[in-house]
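Undergrad: A single structure is presented below for examination.
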Amino acid sequence: MRQARRVLSAEMVDFYTVAFRLSAKVRPATMKRVKLFDGEREVAAVLTPGEKGDTDRGFFTTVQKLDLTAGYYVKLDGFGAKDVIPTKIFDCPEFVQKYVYSGNDLGAVLGENSTTFKVWAPTASSVILNLFAAGDTVPAYAHIPMTKGERGVWETIQPCGHGTYYNYTVTTAVGTQDAADIYAKSAGVNGDRSMVIDLSKTNPSGWAETRRMQPKRYSDVILWEVHVRDFSNRIAASRYPGKYLAFTEQGLRNEAGIPVGVDYLKDLGVTHIHLLPIADYATVDEAHPERSFNWGYDPKNYNVPEGSYSTDPFHGEVRVEELKRLVCALHDANLGVVMDVVYNHTYEGNSSFNKIVPYYYYRFEPDGTYQNATGCGNDTASERLMYRKFMVDSVSYWVREYKLDGLRFDLMGLHDLKTMELIEQAVHCVNPHAIIYGEGWDMGATLDGSPRAIQGNIGKISPTNGAAGAISVFNDAIRDGLKGSTFDLHSRGYISGSYGETEKQVQFGIMGGTGNCAAGWQVPGAAVINYMSAHDNNTLWDKLALSNPEDTVQQRMAMNRLGAAIVMISKGTPFWQAGEEMLRSKGGDENSYASGDAVNNLRWEDLQPGSGPYEMMCYYRGLIAMRKAYPVFTSPDSAVSFRELPGGGMAVKLDDGAGSQALAVINPTQEPDHFLLKRQWHLVADGTRAGNQVLDTREGAVEVPPCSILIFVN
Ligand code: CA
């Protein structure tokens, strides 16, 4: 069947130019009949065909300046019409000079007896502020037309304050739509209505005194990644299962009397708790959270805490206060709080961003469809100046107001490098000890020449003076090197049988993301997050069961311990998904983002003296203590060298140049391997034990049992 002929695209390029493209080449006489309209009226313009002879493209140069609020379209008989979209014009110098706004007062700013509302909407013809007495479905008690001021900022001052709920009715060329305030700091149930909030009323007791963690460098941090609801939902003794407040509960024990919850974390020894998204997301009904489950990578209100984790999602101040209480409690336990942020897409394309300034905040194809490198349907445009500003403002707000200790950027490789550089500066200006890291995968988004924040580029960002680091990237080379490809369920890695093929990847990780070409990218300063498991893909325990079904549980536990020990001696920052240290299983569910509580929640009841999960936890606890005790494991200056063992293993020597040395003798094979110690070394870990105490002193020939490690210090 022949494709219907149509106008493929029509875009405003600047204030006098509309470019268009047809689905087929036409003769010059036909090209002359292409028209530009504004409603019923033909717009006076000169049409220039794109090339000589038959062509499928051209552009109009208008006599009058284009009106950003108007609904233009390009029409050709036989080809139909196509709405003109304002995409390229947003980047033209005149738009940038005239409309980009640098003020720090967008949103609802509380005054003494009034609130000033400001919203950036340069393409709107009308913006109405609607006020509500509650955040759910009560009708508005006022509709106030706002005034358009400089730079496309609409404004009104109203005699209302803390606890007032509001939204905007915005009219643009696309139509009239209700939108939440993208700068809102809290919201009513399910985030449809924004809330005016007096943040000083949300500070829990002890807030002024609470102190952020102060790691000197990123390698001092040990990250434990957990979902707020998974953390506590199965703690029988918790008063707040699944909520922020479960992190404030002390003295929790499971039925075997083992510490769980925050007491467990203190005992384990990790330094920072990385929380899966805690900003408002869309798909869990906050009024009935028990009916659904989601990881939260479906952002709705970026500056508002998620309501389903609060004890009262209907009153916007509660979620803010309870999240602050979580931060306070973790700080009291000497634990940092890292927030997972998802600025690369929104839950739906027609978000509040797109309702307020259609086409501005996203990357679009010329035909008006959203770019989709995220696979989530609508890639945002970090390189657009007002979205870049939004991201910088947003992360700065979170780190400042909630006293956070770090940020993890979802699909960071889709953001442009400049934006991440500005974020590094802004965040470290608020908190120089904050750890910033992200997924620097190269996902191929088009970005008009700007470099993206991918693994190979991230080293171009230098740390702000005095900061603990710049931006680290997840190291998928050591991840897949150790356990086999994440995406090929049955493939094996260094710990699970394929040690010959993966040794270089593992060495790349031990050296901190440098030193060989195994990954195809390198970073300076050990700016890597070394890990075996994260929320995505199979848990480590499930992966080992899939890749090594013939091996016994004891053999797989040996693999797990070997992998954990290698991560813990590697330069950079160790990281793992909560429960990796207790043989967490999701029953082979490799994408459990909406799989419910039974699959996802941590099974604290598995921790019983003598059980596999308990035994594994003790080994991880020992490795953590070891890493913290000897500076050679965390020094960015540690030199790394390797020696091959006769049976296929390797010895790793670390030397910090300041007197601290370590030697790890690694045997990934199924037979014993051997190494000659030329002088005395102190054993601090082997295949089953680890800690900050010397277990033994050795010299001369040592035998390393199959699938295990000996770690010595001087
Ligand atoms: Ca929500």
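Ligands are numbered from 1 in the order shown, chains are lettered A, B, ... in the order of the structure tokens, and residues start at 1 in each chain.
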Per DSSP on the backbone, what are the helix (DSSP H, G or I) residues of segment 137-193 of chain A, as a PyMOL selection string?

TA: chain A and resi 150-152+189-191

Undergrad: Write out as JSON, numbers by chain all residues of segment 51-158 of chain A that DSSP puts in strand (DSSP E) for this structure's backbone.

TA: {"A": [55, 56, 57, 58, 59, 60, 61, 62, 72, 73, 74, 75, 76, 80, 81, 82, 83, 107, 108, 109, 110, 115, 116, 117, 118, 119, 120, 126, 127, 128, 129, 130, 131, 132, 142, 143, 144, 145, 147, 148, 153, 154, 155, 156, 157, 158]}

Undergrad: Could you please extract the residues within 12 Å of ligand 1, counting only C-alpha atoms and all ligand atoms, and hand them back as a VMD selection string?

TA: chain A and resid 186 to 193 277 to 289 292 to 310 313 to 314 316 319 347

Undergrad: Can you check which parts of segment 374-400 of chain A lie within 12 Å of segment 174-185 of chain A? Per residue, the shortest pair of atoms and distance in Å to one decimal, counting only C-alpha atoms, sorted by chain and number, as JSON lines.

TA:
```
{"residue": "A:Met386", "atom": "CA", "partner": "A:Ile182", "partner_atom": "CA", "distance": 11.7}
{"residue": "A:Tyr387", "atom": "CA", "partner": "A:Ile182", "partner_atom": "CA", "distance": 10.6}
{"residue": "A:Lys389", "atom": "CA", "partner": "A:Tyr183", "partner_atom": "CA", "distance": 11.3}
{"residue": "A:Phe390", "atom": "CA", "partner": "A:Tyr183", "partner_atom": "CA", "distance": 8.2}
{"residue": "A:Met391", "atom": "CA", "partner": "A:Tyr183", "partner_atom": "CA", "distance": 10.6}
{"residue": "A:Asp393", "atom": "CA", "partner": "A:Tyr183", "partner_atom": "CA", "distance": 9.1}
{"residue": "A:Ser394", "atom": "CA", "partner": "A:Tyr183", "partner_atom": "CA", "distance": 8.1}
{"residue": "A:Val395", "atom": "CA", "partner": "A:Tyr183", "partner_atom": "CA", "distance": 11.8}
{"residue": "A:Tyr397", "atom": "CA", "partner": "A:Lys185", "partner_atom": "CA", "distance": 9.3}
{"residue": "A:Trp398", "atom": "CA", "partner": "A:Lys185", "partner_atom": "CA", "distance": 9.8}
```

Undergrad: What lies within 7 Å of Gly687 of chain A using only C-alpha atoms, ignoring chain neighbours under 2 positions off, as a ChimeraX atom specification?

TA: /A:558,561-562,685,689,708-710
